[in-house]
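Content type PDB, C-alpha atoms and all ligand atoms, from the file model_4.pdb:
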```pdb
ATOM      1  CA  MET A   1      15.144 -16.199 -39.602
ATOM      2  CA  ALA A   2      14.165 -13.681 -36.922
ATOM      3  CA  LYS A   3      11.557 -14.328 -34.286
ATOM      4  CA  ILE A   4       8.753 -11.794 -34.742
ATOM      5  CA  ILE A   5       8.002  -9.779 -31.613
ATOM      6  CA  ASN A   6       4.216  -9.715 -31.449
ATOM      7  CA  GLY A   7       3.464  -6.286 -29.991
ATOM      8  CA  LYS A   8      -0.236  -6.677 -30.650
ATOM      9  CA  GLU A   9      -0.422  -9.766 -28.424
ATOM     10  CA  ILE A  10       1.790  -8.318 -25.667
ATOM     11  CA  ALA A  11      -0.304  -5.130 -25.687
ATOM     12  CA  LYS A  12      -3.451  -7.264 -25.375
ATOM     13  CA  GLN A  13      -1.998  -9.093 -22.369
ATOM     14  CA  THR A  14      -0.977  -5.745 -20.838
ATOM     15  CA  ARG A  15      -4.512  -4.397 -21.301
ATOM     16  CA  GLU A  16      -5.998  -7.542 -19.754
ATOM     17  CA  SER A  17      -3.834  -7.208 -16.676
ATOM     18  CA  LEU A  18      -4.637  -3.475 -16.443
ATOM     19  CA  LYS A  19      -8.345  -4.264 -16.673
ATOM     20  CA  LYS A  20      -7.984  -6.397 -13.534
ATOM     21  CA  GLU A  21      -6.325  -3.464 -11.750
ATOM     22  CA  VAL A  22      -9.079  -1.116 -12.919
ATOM     23  CA  ASP A  23     -11.774  -3.570 -11.759
ATOM     24  CA  GLU A  24     -10.067  -3.683  -8.359
ATOM     25  CA  LEU A  25     -10.070   0.131  -8.171
ATOM     26  CA  LYS A  26     -13.727   0.226  -9.195
ATOM     27  CA  ARG A  27     -14.591  -2.141  -6.339
ATOM     28  CA  LYS A  28     -13.196   0.583  -4.067
ATOM     29  CA  GLY A  29     -15.367   3.185  -5.820
ATOM     30  CA  ILE A  30     -12.555   4.676  -7.919
ATOM     31  CA  THR A  31     -12.682   4.912 -11.713
ATOM     32  CA  PRO A  32      -9.511   6.109 -13.465
ATOM     33  CA  LYS A  33     -10.221   8.902 -15.911
ATOM     34  CA  LEU A  34      -8.184  10.283 -18.802
ATOM     35  CA  ALA A  35      -8.752  13.692 -20.393
ATOM     36  CA  VAL A  36      -7.466  14.188 -23.934
ATOM     37  CA  ILE A  37      -7.003  17.602 -25.518
ATOM     38  CA  MET A  38      -6.695  18.043 -29.262
ATOM     39  CA  VAL A  39      -6.433  21.378 -31.069
ATOM     40  CA  GLY A  40      -7.432  21.639 -34.731
ATOM     41  CA  ASP A  41      -8.390  18.818 -37.070
ATOM     42  CA  ASN A  42      -5.184  16.939 -37.875
ATOM     43  CA  GLN A  43      -6.361  13.685 -39.476
ATOM     44  CA  ALA A  44      -3.611  11.495 -37.993
ATOM     45  CA  SER A  45      -4.300  12.925 -34.517
ATOM     46  CA  LYS A  46      -7.979  12.061 -34.918
ATOM     47  CA  VAL A  47      -7.050   8.422 -35.623
ATOM     48  CA  TYR A  48      -4.644   8.358 -32.637
ATOM     49  CA  ILE A  49      -7.177   9.721 -30.169
ATOM     50  CA  LYS A  50      -9.852   7.345 -31.476
ATOM     51  CA  ASN A  51      -7.506   4.423 -30.762
ATOM     52  CA  LYS A  52      -6.814   5.786 -27.284
ATOM     53  CA  SER A  53     -10.519   6.179 -26.550
ATOM     54  CA  LYS A  54     -11.175   2.592 -27.717
ATOM     55  CA  ALA A  55      -8.360   1.247 -25.540
ATOM     56  CA  CYS A  56      -9.661   3.158 -22.497
ATOM     57  CA  GLN A  57     -13.106   1.674 -23.021
ATOM     58  CA  GLU A  58     -11.623  -1.814 -23.234
ATOM     59  CA  VAL A  59      -9.948  -1.617 -19.828
ATOM     60  CA  GLY A  60     -12.701   0.409 -18.135
ATOM     61  CA  VAL A  61     -10.852   3.737 -17.932
ATOM     62  CA  GLU A  62     -13.180   6.713 -18.355
ATOM     63  CA  TYR A  63     -12.307   8.973 -21.241
ATOM     64  CA  GLU A  64     -13.109  12.629 -21.840
ATOM     65  CA  GLU A  65     -12.272  14.481 -25.053
ATOM     66  CA  HIS A  66     -11.686  18.212 -25.517
ATOM     67  CA  ILE A  67     -11.480  19.093 -29.196
ATOM     68  CA  LEU A  68     -10.556  22.755 -29.526
ATOM     69  CA  ASP A  69     -10.874  24.972 -32.570
ATOM     70  CA  LYS A  70      -7.666  25.490 -34.598
ATOM     71  CA  ASN A  71      -7.745  29.202 -33.705
ATOM     72  CA  THR A  72      -7.696  28.526 -29.953
ATOM     73  CA  THR A  73      -5.355  30.936 -28.159
ATOM     74  CA  GLN A  74      -2.501  29.884 -25.882
ATOM     75  CA  LYS A  75      -4.386  31.352 -22.928
ATOM     76  CA  GLU A  76      -7.532  29.351 -23.717
ATOM     77  CA  LEU A  77      -5.466  26.171 -23.972
ATOM     78  CA  LEU A  78      -3.610  26.814 -20.702
ATOM     79  CA  ASP A  79      -6.895  27.710 -18.952
ATOM     80  CA  LEU A  80      -8.358  24.362 -19.994
ATOM     81  CA  ILE A  81      -5.263  22.523 -18.755
ATOM     82  CA  GLU A  82      -5.486  24.333 -15.399
ATOM     83  CA  LYS A  83      -9.159  23.417 -15.147
ATOM     84  CA  LEU A  84      -8.323  19.743 -15.737
ATOM     85  CA  ASN A  85      -5.400  19.943 -13.285
ATOM     86  CA  ASN A  86      -7.836  21.119 -10.610
ATOM     87  CA  ASN A  87     -10.515  18.559 -11.434
ATOM     88  CA  LYS A  88     -10.135  15.731  -8.914
ATOM     89  CA  GLU A  89     -12.074  13.346 -11.170
ATOM     90  CA  ILE A  90      -9.374  13.557 -13.846
ATOM     91  CA  ASN A  91      -6.337  11.368 -13.164
ATOM     92  CA  GLY A  92      -4.430  11.776 -16.425
ATOM     93  CA  ILE A  93      -4.147  14.553 -19.004
ATOM     94  CA  LEU A  94      -2.878  14.029 -22.529
ATOM     95  CA  LEU A  95      -2.254  16.839 -24.977
ATOM     96  CA  GLN A  96      -2.246  15.417 -28.493
ATOM     97  CA  SER A  97       0.545  16.743 -30.716
ATOM     98  CA  PRO A  98       1.063  18.407 -33.081
ATOM     99  CA  LEU A  99      -0.523  21.716 -32.141
ATOM    100  CA  PRO A 100      -1.154  24.535 -34.638
ATOM    101  CA  SER A 101       2.088  26.509 -35.064
ATOM    102  CA  HIS A 102       0.887  29.626 -33.180
ATOM    103  CA  LEU A 103       0.720  27.583 -29.948
ATOM    104  CA  ASP A 104       3.679  26.896 -27.648
ATOM    105  CA  ILE A 105       3.552  23.154 -26.977
ATOM    106  CA  GLN A 106       6.393  23.146 -24.425
ATOM    107  CA  GLU A 107       4.618  25.725 -22.284
ATOM    108  CA  ALA A 108       1.441  23.649 -22.567
ATOM    109  CA  PHE A 109       3.230  20.431 -21.521
ATOM    110  CA  GLN A 110       4.779  22.257 -18.559
ATOM    111  CA  THR A 111       1.367  23.520 -17.464
ATOM    112  CA  ILE A 112       0.023  19.979 -17.082
ATOM    113  CA  ASP A 113       0.277  18.877 -13.436
ATOM    114  CA  TYR A 114       3.259  16.508 -13.500
ATOM    115  CA  LYS A 115       1.276  14.052 -11.359
ATOM    116  CA  LYS A 116      -1.282  13.810 -14.188
ATOM    117  CA  ASP A 117       1.316  13.838 -16.989
ATOM    118  CA  VAL A 118       0.596  10.363 -18.358
ATOM    119  CA  ASP A 119       2.662  11.054 -21.499
ATOM    120  CA  GLY A 120       5.792  11.695 -19.420
ATOM    121  CA  PHE A 121       6.605  14.964 -21.237
ATOM    122  CA  HIS A 122       6.695  17.318 -18.225
ATOM    123  CA  PRO A 123      10.268  18.460 -17.386
ATOM    124  CA  MET A 124       9.807  17.084 -13.861
ATOM    125  CA  ASN A 125       9.102  13.591 -15.213
ATOM    126  CA  VAL A 126      11.817  13.849 -17.873
ATOM    127  CA  GLY A 127      14.271  14.881 -15.134
ATOM    128  CA  LYS A 128      13.212  12.093 -12.791
ATOM    129  CA  LEU A 129      13.720   9.568 -15.592
ATOM    130  CA  ALA A 130      17.232  10.974 -16.173
ATOM    131  CA  LEU A 131      17.938  10.523 -12.454
ATOM    132  CA  GLY A 132      16.737   6.919 -12.623
ATOM    133  CA  GLN A 133      13.769   7.645 -10.331
ATOM    134  CA  ASP A 134      10.308   6.133 -10.599
ATOM    135  CA  THR A 135       8.204   8.407 -12.798
ATOM    136  CA  PHE A 136       5.835   8.573 -15.766
ATOM    137  CA  VAL A 137       7.896   7.419 -18.711
ATOM    138  CA  SER A 138       7.005   8.433 -22.240
ATOM    139  CA  CYS A 139       4.777   5.660 -23.644
ATOM    140  CA  THR A 140       6.719   4.499 -26.725
ATOM    141  CA  PRO A 141      10.046   3.980 -24.876
ATOM    142  CA  SER A 142       8.319   2.244 -21.970
ATOM    143  CA  GLY A 143       6.425   0.072 -24.466
ATOM    144  CA  ILE A 144       9.732  -0.976 -26.030
ATOM    145  CA  MET A 145      11.118  -1.880 -22.596
ATOM    146  CA  LYS A 146       8.026  -4.012 -22.025
ATOM    147  CA  LEU A 147       8.616  -5.792 -25.358
ATOM    148  CA  PHE A 148      12.157  -6.684 -24.199
ATOM    149  CA  GLU A 149      10.837  -7.944 -20.887
ATOM    150  CA  ALA A 150       8.058 -10.028 -22.462
ATOM    151  CA  ASN A 151      10.554 -11.692 -24.808
ATOM    152  CA  ASP A 152      13.257 -12.249 -22.156
ATOM    153  CA  ILE A 153      15.650  -9.968 -24.015
ATOM    154  CA  ASP A 154      18.211  -8.840 -21.447
ATOM    155  CA  ILE A 155      19.780  -5.560 -22.560
ATOM    156  CA  SER A 156      22.226  -5.294 -19.654
ATOM    157  CA  GLY A 157      25.779  -4.843 -20.978
ATOM    158  CA  LYS A 158      24.540  -4.875 -24.596
ATOM    159  CA  ASN A 159      25.320  -2.281 -27.242
ATOM    160  CA  VAL A 160      22.068  -0.481 -27.956
ATOM    161  CA  VAL A 161      22.053   1.895 -30.920
ATOM    162  CA  ILE A 162      19.088   4.251 -31.236
ATOM    163  CA  LEU A 163      18.413   6.063 -34.504
ATOM    164  CA  GLY A 164      16.518   9.317 -33.856
ATOM    165  CA  ARG A 165      16.772  11.793 -30.953
ATOM    166  CA  SER A 166      13.244  13.153 -30.581
ATOM    167  CA  ASN A 167      11.959  14.181 -27.154
ATOM    168  CA  ILE A 168       9.191  11.594 -27.309
ATOM    169  CA  VAL A 169      11.134   8.531 -28.460
ATOM    170  CA  GLY A 170      14.925   8.683 -28.864
ATOM    171  CA  LYS A 171      15.958  10.757 -25.837
ATOM    172  CA  PRO A 172      13.793   9.064 -23.181
ATOM    173  CA  LEU A 173      14.722   5.695 -24.675
ATOM    174  CA  VAL A 174      18.392   6.452 -23.974
ATOM    175  CA  GLN A 175      17.550   6.865 -20.279
ATOM    176  CA  CYS A 176      15.377   3.736 -20.193
ATOM    177  CA  CYS A 177      18.182   1.651 -21.710
ATOM    178  CA  LEU A 178      20.854   3.209 -19.456
ATOM    179  CA  ASN A 179      18.691   2.462 -16.433
ATOM    180  CA  LYS A 180      18.777  -1.190 -17.550
ATOM    181  CA  ASN A 181      22.599  -1.077 -17.819
ATOM    182  CA  ALA A 182      22.910  -1.070 -21.608
ATOM    183  CA  THR A 183      25.706   0.794 -23.389
ATOM    184  CA  VAL A 184      23.830   3.312 -25.498
ATOM    185  CA  THR A 185      24.660   5.226 -28.661
ATOM    186  CA  ILE A 186      22.215   7.669 -30.217
ATOM    187  CA  CYS A 187      22.350   8.762 -33.870
ATOM    188  CA  HIS A 188      20.551  11.539 -35.725
ATOM    189  CA  SER A 189      20.551  13.349 -39.056
ATOM    190  CA  LYS A 190      24.033  14.829 -38.476
ATOM    191  CA  THR A 191      25.653  11.537 -37.449
ATOM    192  CA  LYS A 192      28.483  10.471 -39.711
ATOM    193  CA  ASN A 193      28.899   6.823 -40.765
ATOM    194  CA  ILE A 194      25.570   5.784 -39.348
ATOM    195  CA  GLU A 195      25.870   2.360 -41.020
ATOM    196  CA  GLU A 196      29.128   1.637 -39.175
ATOM    197  CA  THR A 197      27.584   2.570 -35.830
ATOM    198  CA  ALA A 198      24.361   0.680 -36.471
ATOM    199  CA  LYS A 199      26.297  -2.435 -37.390
ATOM    200  CA  LYS A 200      27.874  -2.548 -33.922
ATOM    201  CA  ALA A 201      24.453  -2.795 -32.288
ATOM    202  CA  ASP A 202      23.347  -5.876 -30.421
ATOM    203  CA  ILE A 203      20.037  -4.073 -30.286
ATOM    204  CA  LEU A 204      19.159  -1.606 -33.041
ATOM    205  CA  ILE A 205      16.172   0.687 -32.544
ATOM    206  CA  SER A 206      15.038   2.939 -35.365
ATOM    207  CA  ALA A 207      12.819   5.976 -34.720
ATOM    208  CA  ILE A 208      13.522   8.117 -37.775
ATOM    209  CA  GLY A 209      10.310   8.088 -39.798
ATOM    210  CA  LYS A 210      11.660   7.195 -43.249
ATOM    211  CA  PRO A 211      10.634   3.992 -45.035
ATOM    212  CA  ASN A 212      13.369   1.381 -45.589
ATOM    213  CA  ILE A 213      16.146   3.643 -44.253
ATOM    214  CA  VAL A 214      17.471   0.704 -42.228
ATOM    215  CA  THR A 215      18.848  -1.832 -44.647
ATOM    216  CA  GLU A 216      20.320  -5.275 -44.150
ATOM    217  CA  ASN A 217      23.936  -4.002 -44.365
ATOM    218  CA  MET A 218      23.332  -1.904 -41.200
ATOM    219  CA  ILE A 219      22.381  -4.923 -39.111
ATOM    220  CA  LYS A 220      24.769  -7.191 -37.231
ATOM    221  CA  GLN A 221      24.060 -10.923 -37.527
ATOM    222  CA  ASP A 222      21.534 -11.932 -34.808
ATOM    223  CA  ALA A 223      20.901  -8.367 -33.623
ATOM    224  CA  VAL A 224      17.531  -7.475 -32.114
ATOM    225  CA  VAL A 225      15.781  -4.954 -34.393
ATOM    226  CA  ILE A 226      13.051  -2.668 -33.055
ATOM    227  CA  ASP A 227      11.220  -0.566 -35.619
ATOM    228  CA  VAL A 228       9.411   2.459 -34.200
ATOM    229  CA  GLY A 229       8.786   4.190 -37.544
ATOM    230  CA  ILE A 230       5.285   4.551 -38.933
ATOM    231  CA  ASN A 231       5.368   5.639 -42.564
ATOM    232  CA  LYS A 232       2.490   5.800 -45.009
ATOM    233  CA  LEU A 233       3.492   4.960 -48.573
ATOM    234  CA  GLU A 234       1.733   6.515 -51.583
ATOM    235  CA  THR A 235      -0.109   3.218 -52.005
ATOM    236  CA  GLY A 236      -1.585   3.757 -48.543
ATOM    237  CA  LYS A 237       0.442   0.887 -47.066
ATOM    238  CA  ILE A 238       1.909   1.475 -43.586
ATOM    239  CA  VAL A 239       5.562   0.480 -43.198
ATOM    240  CA  GLY A 240       8.317   1.077 -40.655
ATOM    241  CA  ASP A 241      11.873   2.385 -41.057
ATOM    242  CA  VAL A 242      13.350  -1.066 -41.503
ATOM    243  CA  ASP A 243      13.462  -3.119 -44.686
ATOM    244  CA  PHE A 244      11.594  -5.924 -42.963
ATOM    245  CA  GLU A 245      12.102  -8.673 -45.570
ATOM    246  CA  GLN A 246      15.892  -8.279 -45.618
ATOM    247  CA  ALA A 247      16.330  -7.527 -41.940
ATOM    248  CA  SER A 248      14.337 -10.523 -40.761
ATOM    249  CA  GLN A 249      16.848 -12.798 -42.529
ATOM    250  CA  LYS A 250      19.621 -11.458 -40.314
ATOM    251  CA  ALA A 251      18.102 -10.387 -37.000
ATOM    252  CA  SER A 252      17.384 -12.702 -34.076
ATOM    253  CA  TYR A 253      14.248 -10.762 -33.124
ATOM    254  CA  ILE A 254      12.344  -8.110 -35.048
ATOM    255  CA  THR A 255       9.200  -6.010 -34.568
ATOM    256  CA  PRO A 256       6.774  -5.767 -37.493
ATOM    257  CA  VAL A 257       5.008  -2.566 -38.567
ATOM    258  CA  PRO A 258       2.129  -2.506 -37.959
ATOM    259  CA  GLY A 259       1.697  -4.739 -34.917
ATOM    260  CA  GLY A 260       5.016  -4.138 -33.159
ATOM    261  CA  VAL A 261       5.777  -1.020 -31.125
ATOM    262  CA  GLY A 262       2.568   0.885 -32.024
ATOM    263  CA  PRO A 263       0.070  -1.145 -29.942
ATOM    264  CA  MET A 264       2.456  -1.001 -26.953
ATOM    265  CA  THR A 265       2.419   2.808 -26.961
ATOM    266  CA  VAL A 266      -1.326   2.881 -26.303
ATOM    267  CA  ALA A 267      -1.096   0.081 -23.712
ATOM    268  CA  MET A 268       1.575   1.999 -21.785
ATOM    269  CA  LEU A 269      -0.583   5.122 -21.826
ATOM    270  CA  LEU A 270      -3.297   3.132 -20.023
ATOM    271  CA  ASN A 271      -0.640   1.808 -17.669
ATOM    272  CA  ASN A 272       0.335   5.397 -16.815
ATOM    273  CA  VAL A 273      -3.311   6.409 -16.247
ATOM    274  CA  VAL A 274      -3.779   3.539 -13.783
ATOM    275  CA  LYS A 275      -0.466   4.389 -12.107
ATOM    276  CA  ALA A 276      -1.457   8.075 -11.806
ATOM    277  CA  THR A 277      -4.829   7.109 -10.308
ATOM    278  CA  LYS A 278      -3.204   4.881  -7.689
ATOM    279  CA  GLN A 279      -0.719   7.601  -6.772
ATOM    280  CA  GLN A 280      -3.456  10.201  -6.439
ATOM    281  CA  ILE A 281      -5.513   8.180  -3.997
TER     282      ILE A 281
HETATM  283  P1  LIG B   1      10.966  13.187 -35.230
HETATM  284  O1  LIG B   1      10.648  14.068 -34.099
HETATM  285  O2  LIG B   1      10.749  13.660 -36.626
HETATM  286  O3  LIG B   1      12.475  12.691 -35.085
HETATM  287  C1  LIG B   1      13.101  11.982 -36.089
HETATM  288  C2  LIG B   1      14.541  11.774 -35.711
HETATM  289  O4  LIG B   1      15.183  11.081 -36.784
HETATM  290  C3  LIG B   1      15.328  13.073 -35.500
HETATM  291  O5  LIG B   1      16.141  12.958 -34.370
HETATM  292  C4  LIG B   1      16.168  13.205 -36.770
HETATM  293  O6  LIG B   1      17.441  13.828 -36.574
HETATM  294  C5  LIG B   1      16.392  11.763 -37.123
HETATM  295  N1  LIG B   1      16.667  11.589 -38.549
HETATM  296  C6  LIG B   1      15.990  12.086 -39.604
HETATM  297  N2  LIG B   1      16.562  11.706 -40.752
HETATM  298  C7  LIG B   1      17.622  10.939 -40.425
HETATM  299  C8  LIG B   1      18.610  10.249 -41.161
HETATM  300  N3  LIG B   1      18.612  10.268 -42.500
HETATM  301  N4  LIG B   1      19.551   9.571 -40.493
HETATM  302  C9  LIG B   1      19.557   9.548 -39.145
HETATM  303  N5  LIG B   1      18.640  10.175 -38.374
HETATM  304  C10 LIG B   1      17.687  10.865 -39.014
HETATM  305  O7  LIG B   1      10.130  11.838 -35.158
HETATM  306  P2  LIG B   1       9.496  11.017 -33.922
HETATM  307  O8  LIG B   1       8.318  11.735 -33.424
HETATM  308  O9  LIG B   1      10.559  10.587 -32.977
HETATM  309  O10 LIG B   1       8.993   9.741 -34.717
HETATM  310  C11 LIG B   1       9.867   8.931 -35.476
HETATM  311  C12 LIG B   1       9.053   7.873 -36.182
HETATM  312  O11 LIG B   1       8.438   7.054 -35.213
HETATM  313  C13 LIG B   1       7.908   8.402 -37.045
HETATM  314  O12 LIG B   1       7.715   7.534 -38.131
HETATM  315  C14 LIG B   1       6.711   8.335 -36.116
HETATM  316  O13 LIG B   1       5.491   8.207 -36.815
HETATM  317  C15 LIG B   1       7.036   7.073 -35.381
HETATM  318  N6  LIG B   1       6.440   6.975 -34.039
HETATM  319  C16 LIG B   1       5.862   5.805 -33.737
HETATM  320  C17 LIG B   1       5.332   5.619 -32.492
HETATM  321  C18 LIG B   1       4.707   4.300 -32.181
HETATM  322  O14 LIG B   1       3.939   4.205 -31.249
HETATM  323  N7  LIG B   1       5.067   3.243 -32.921
HETATM  324  C19 LIG B   1       5.369   6.640 -31.541
HETATM  325  C20 LIG B   1       6.020   7.830 -31.866
HETATM  326  C21 LIG B   1       6.556   7.987 -33.124
HETATM  327  P3  LIG B   1      17.595  15.387 -36.149
HETATM  328  O15 LIG B   1      17.260  15.426 -34.699
HETATM  329  O16 LIG B   1      19.026  15.669 -36.414
HETATM  330  O17 LIG B   1      16.634  16.146 -37.001
END
```
Turn this file's structure into structure tokens for me.
Ligand code: NAP
Amino acid sequence: MAKIINGKEIAKQTRESLKKEVDELKRKGITPKLAVIMVGDNQASKVYIKNKSKACQEVGVEYEEHILDKNTTQKELLDLIEKLNNNKEINGILLQSPLPSHLDIQEAFQTIDYKKDVDGFHPMNVGKLALGQDTFVSCTPSGIMKLFEANDIDISGKNVVILGRSNIVGKPLVQCCLNKNATVTICHSKTKNIEETAKKADILISAIGKPNIVTENMIKQDAVVIDVGINKLETGKIVGDVDFEQASQKASYITPVPGGVGPMTVAMLLNNVVKATKQQI
């Protein structure tokens, strides 16, 4: 029976240690501040930014929200980003995705000052990660690395198989795992024989976004299984990509959904805001 990786608890410990760092900064008269931009009224985005605001409050990071109308133009969005770039009181800028389809999100990400890019989406930060340099790493991959660390899971020399190649999870996760000396394979919707590949994984990470797509026959005995997926069933229940009941019979470690990777993503965002603040002073 797999050991459950308690992301909620590890995220709580991370927030507690960040709070100490923030308190220390405040003693020096510095308060880290995050600015969040959201365009339109996407319901899921509203929930995400509410969680981020709550987490900021918990650790003492100041939080400022810019909710723009769904008809906002690209120029208006870029002007706001520039304004926040030039505001010395703002240490981190987060642009909540998705954006309405008439807006160019890549251009918007590139406009954010890379020193305030706490999501790690700016090409400069993506490039630095690929070069193995210290940088702002996208929050979900860095949260997963923290889960390994907190559970003494050494990925060096291990076969890591990642399902999903998005810019926010799969691709940066490849670099994070390579930087820790894992042997990494990445699969996507065009991959043939995904089951065969997955079964070779010492560590299997799924970031696809389809409920129960990872079944027991894809998991090697005693593999570590990390489930990034967040899927809402018709019943309203939130589940991951992995068939948890089956997989937990076979894996050595497994993350639950909810309560696994999700809470770590927000904790690592706070970590990046504190890091950005320290670098800017
Ligand atoms: P995404 O941009 O939609 O990417 C999904 C990836 O899965 C793509 O690379 C896609 O391949 C691949 N894929 C789709 N169907 C597949 C299949 N049948 N077999 C193999 N690969 C397949 O999604 P995302 O933003 O990375 O998010 C993935 C999931 O993680 C979602 O459920 C999302 O809600 C969740 N998520 C959770 C957190 C968290 O904090 N826990 C953070 C971010 C995302 P192609 O590239 O070929 O299309």
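Distance-wise, CA of Gly240 (chain A) and CA of Gln106 (chain A) end up 27.5 Å apart.
Residue nearest ligand LIG 1 (chain B), chosen from A:Cys187, A:Val126, A:Val39, A:Ile5 and counting only C-alpha atoms and all ligand atoms: A:Cys187.
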**Prompt:** If you apply the PyMOL selection byres (((chain A and resi 72) around 12) and not hetatm) to this file, what residues do you get, as a list in words?
**Reply:** Ile37, Met38, Val39, Gly40, His66, Ile67, Leu68, Asp69, Lys70, Asn71, Thr73, Gln74, Lys75, Glu76, Leu77, Leu78, Asp79, Leu80, Leu99, Pro100, Ser101, His102, Leu103 and Asp104 of chain A
Centre and edges of the region 38-45 of chain A box, axis-aligned, 3 Å extra per side, as lines of an AutoDock Vina configuration file:
```
center_x = -6.0
center_y = 16.6
center_z = -34.4
size_x = 10.8
size_y = 16.1
size_z = 16.2
```
Each region 156-198 of chain A residue no farther than 9 Å from region 218-226 of chain A, nearest pair in Å, all atoms listed in the file, as JSON lines:
```
{"residue": "A:Ile194", "atom": "CA", "partner": "A:Met218", "partner_atom": "CA", "distance": 8.2}
{"residue": "A:Glu195", "atom": "CA", "partner": "A:Met218", "partner_atom": "CA", "distance": 5.0}
{"residue": "A:Glu196", "atom": "CA", "partner": "A:Met218", "partner_atom": "CA", "distance": 7.1}
{"residue": "A:Thr197", "atom": "CA", "partner": "A:Met218", "partner_atom": "CA", "distance": 8.2}
{"residue": "A:Ala198", "atom": "CA", "partner": "A:Met218", "partner_atom": "CA", "distance": 5.5}
```
**Prompt:** Hey, what comes out of the PyMOL selection byres (((not hetatm)) within 8 of (chain B and resi 1)) on this file? Could you write it as a VMD selection string?
**Reply:** chain A and resid 139 to 140 163 to 170 187 to 191 194 206 to 210 213 227 to 231 240 to 241 260 to 266
**Request:** Given the file shown, determine the residues that the PyMOL selection byres (((chain A and resi 58) around 12) and not hetatm) selects; report them as a PyMOL selection string.
**Result:** chain A and resi 12+14-20+22-23+51-57+59-63+266-267+270
Keeping only C-alpha atoms, write those residues as a tab-separated table (two decimals), in the coordinates of the input.
```tsv
chain	number	residue	atom	x	y	z
A	12	LYS	CA	-3.45	-7.26	-25.38
A	14	THR	CA	-0.98	-5.74	-20.84
A	15	ARG	CA	-4.51	-4.40	-21.30
A	16	GLU	CA	-6.00	-7.54	-19.75
A	17	SER	CA	-3.83	-7.21	-16.68
A	18	LEU	CA	-4.64	-3.48	-16.44
A	19	LYS	CA	-8.35	-4.26	-16.67
A	20	LYS	CA	-7.98	-6.40	-13.53
A	22	VAL	CA	-9.08	-1.12	-12.92
A	23	ASP	CA	-11.77	-3.57	-11.76
A	51	ASN	CA	-7.51	4.42	-30.76
A	52	LYS	CA	-6.81	5.79	-27.28
A	53	SER	CA	-10.52	6.18	-26.55
A	54	LYS	CA	-11.18	2.59	-27.72
A	55	ALA	CA	-8.36	1.25	-25.54
A	56	CYS	CA	-9.66	3.16	-22.50
A	57	GLN	CA	-13.11	1.67	-23.02
A	59	VAL	CA	-9.95	-1.62	-19.83
A	60	GLY	CA	-12.70	0.41	-18.14
A	61	VAL	CA	-10.85	3.74	-17.93
A	62	GLU	CA	-13.18	6.71	-18.36
A	63	TYR	CA	-12.31	8.97	-21.24
A	266	VAL	CA	-1.33	2.88	-26.30
A	267	ALA	CA	-1.10	0.08	-23.71
A	270	LEU	CA	-3.30	3.13	-20.02
```
**Message:** Using all atoms listed in the file, which protein or nucleic acid residues come within 9 Å of Asn6 (chain A)? Drop anything in the same chain fewer than 4 positions from it, and give the result as number ranges by chain.
**Reply:** A: 10-11, 147, 255-256, 259-261
Residues just named, written with C-alpha atoms as a short mmCIF file (atom, residue, chain, number, x, y, z; two decimals), in the coordinates of the input:
```cif
data_model
loop_
_atom_site.label_atom_id
_atom_site.label_comp_id
_atom_site.auth_asym_id
_atom_site.auth_seq_id
_atom_site.Cartn_x
_atom_site.Cartn_y
_atom_site.Cartn_z
CA ILE A 10 1.79 -8.32 -25.67
CA ALA A 11 -0.30 -5.13 -25.69
CA LEU A 147 8.62 -5.79 -25.36
CA THR A 255 9.20 -6.01 -34.57
CA PRO A 256 6.77 -5.77 -37.49
CA GLY A 259 1.70 -4.74 -34.92
CA GLY A 260 5.02 -4.14 -33.16
CA VAL A 261 5.78 -1.02 -31.12
#
```
**Complete:** CA of Leu34 (chain A) to CA of Gln96 (chain A) measures 12.5 Å
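Considering the residues A:Ile49, A:Ile254, A:Ile90, A:Leu131 and counting all atoms listed in the file, Ile281 (chain A) has its shortest atom-to-atom contact with A:Ile90.
Distances to Ala247 (chain A) were evaluated for A:Lys199, A:Met1, A:Leu269, A:Phe148 using all atoms listed in the file, and the minimum falls at A:Met1.
Each of A:Met268, A:Gln280, A:Glu245, A:Glu82 was compared to Ile4 (chain A) using only C-alpha atoms, and A:Glu245 turns out to be the nearest.
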Between region 37-151 of chain A and region 174-180 of chain A, at 10 Å or less, what are the per-residue closest atom pairs and their distances in Å? Count all atoms listed in the file, order by chain and rising residue number, and return it as CSV.
```
residue,atom,partner,partner_atom,distance
A:Val126,CA,A:Gln175,CA,9.4
A:Leu129,CA,A:Gln175,CA,6.6
A:Ala130,CA,A:Gln175,CA,5.8
A:Leu131,CA,A:Gln175,CA,8.6
A:Gly132,CA,A:Asn179,CA,6.2
A:Gln133,CA,A:Asn179,CA,9.4
A:Val137,CA,A:Cys176,CA,8.5
A:Ser138,CA,A:Cys176,CA,9.8
A:Pro141,CA,A:Cys176,CA,7.1
A:Ser142,CA,A:Cys176,CA,7.4
A:Ile144,CA,A:Cys176,CA,9.4
A:Met145,CA,A:Cys176,CA,7.4
```
Suppose we keep C-alpha atoms; can you now write the selection as a PDB file, in the coordinates of the input?
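What ended up in result-v2.pdb:
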```
ATOM      1  CA  VAL A 126      11.817  13.849 -17.873  1.00  0.00           C
ATOM      2  CA  LEU A 129      13.720   9.568 -15.592  1.00  0.00           C
ATOM      3  CA  ALA A 130      17.232  10.974 -16.173  1.00  0.00           C
ATOM      4  CA  LEU A 131      17.938  10.523 -12.454  1.00  0.00           C
ATOM      5  CA  GLY A 132      16.737   6.919 -12.623  1.00  0.00           C
ATOM      6  CA  GLN A 133      13.769   7.645 -10.331  1.00  0.00           C
ATOM      7  CA  VAL A 137       7.896   7.419 -18.711  1.00  0.00           C
ATOM      8  CA  SER A 138       7.005   8.433 -22.240  1.00  0.00           C
ATOM      9  CA  PRO A 141      10.046   3.980 -24.876  1.00  0.00           C
ATOM     10  CA  SER A 142       8.319   2.244 -21.970  1.00  0.00           C
ATOM     11  CA  ILE A 144       9.732  -0.976 -26.030  1.00  0.00           C
ATOM     12  CA  MET A 145      11.118  -1.880 -22.596  1.00  0.00           C
TER      13      MET A 145
END
```
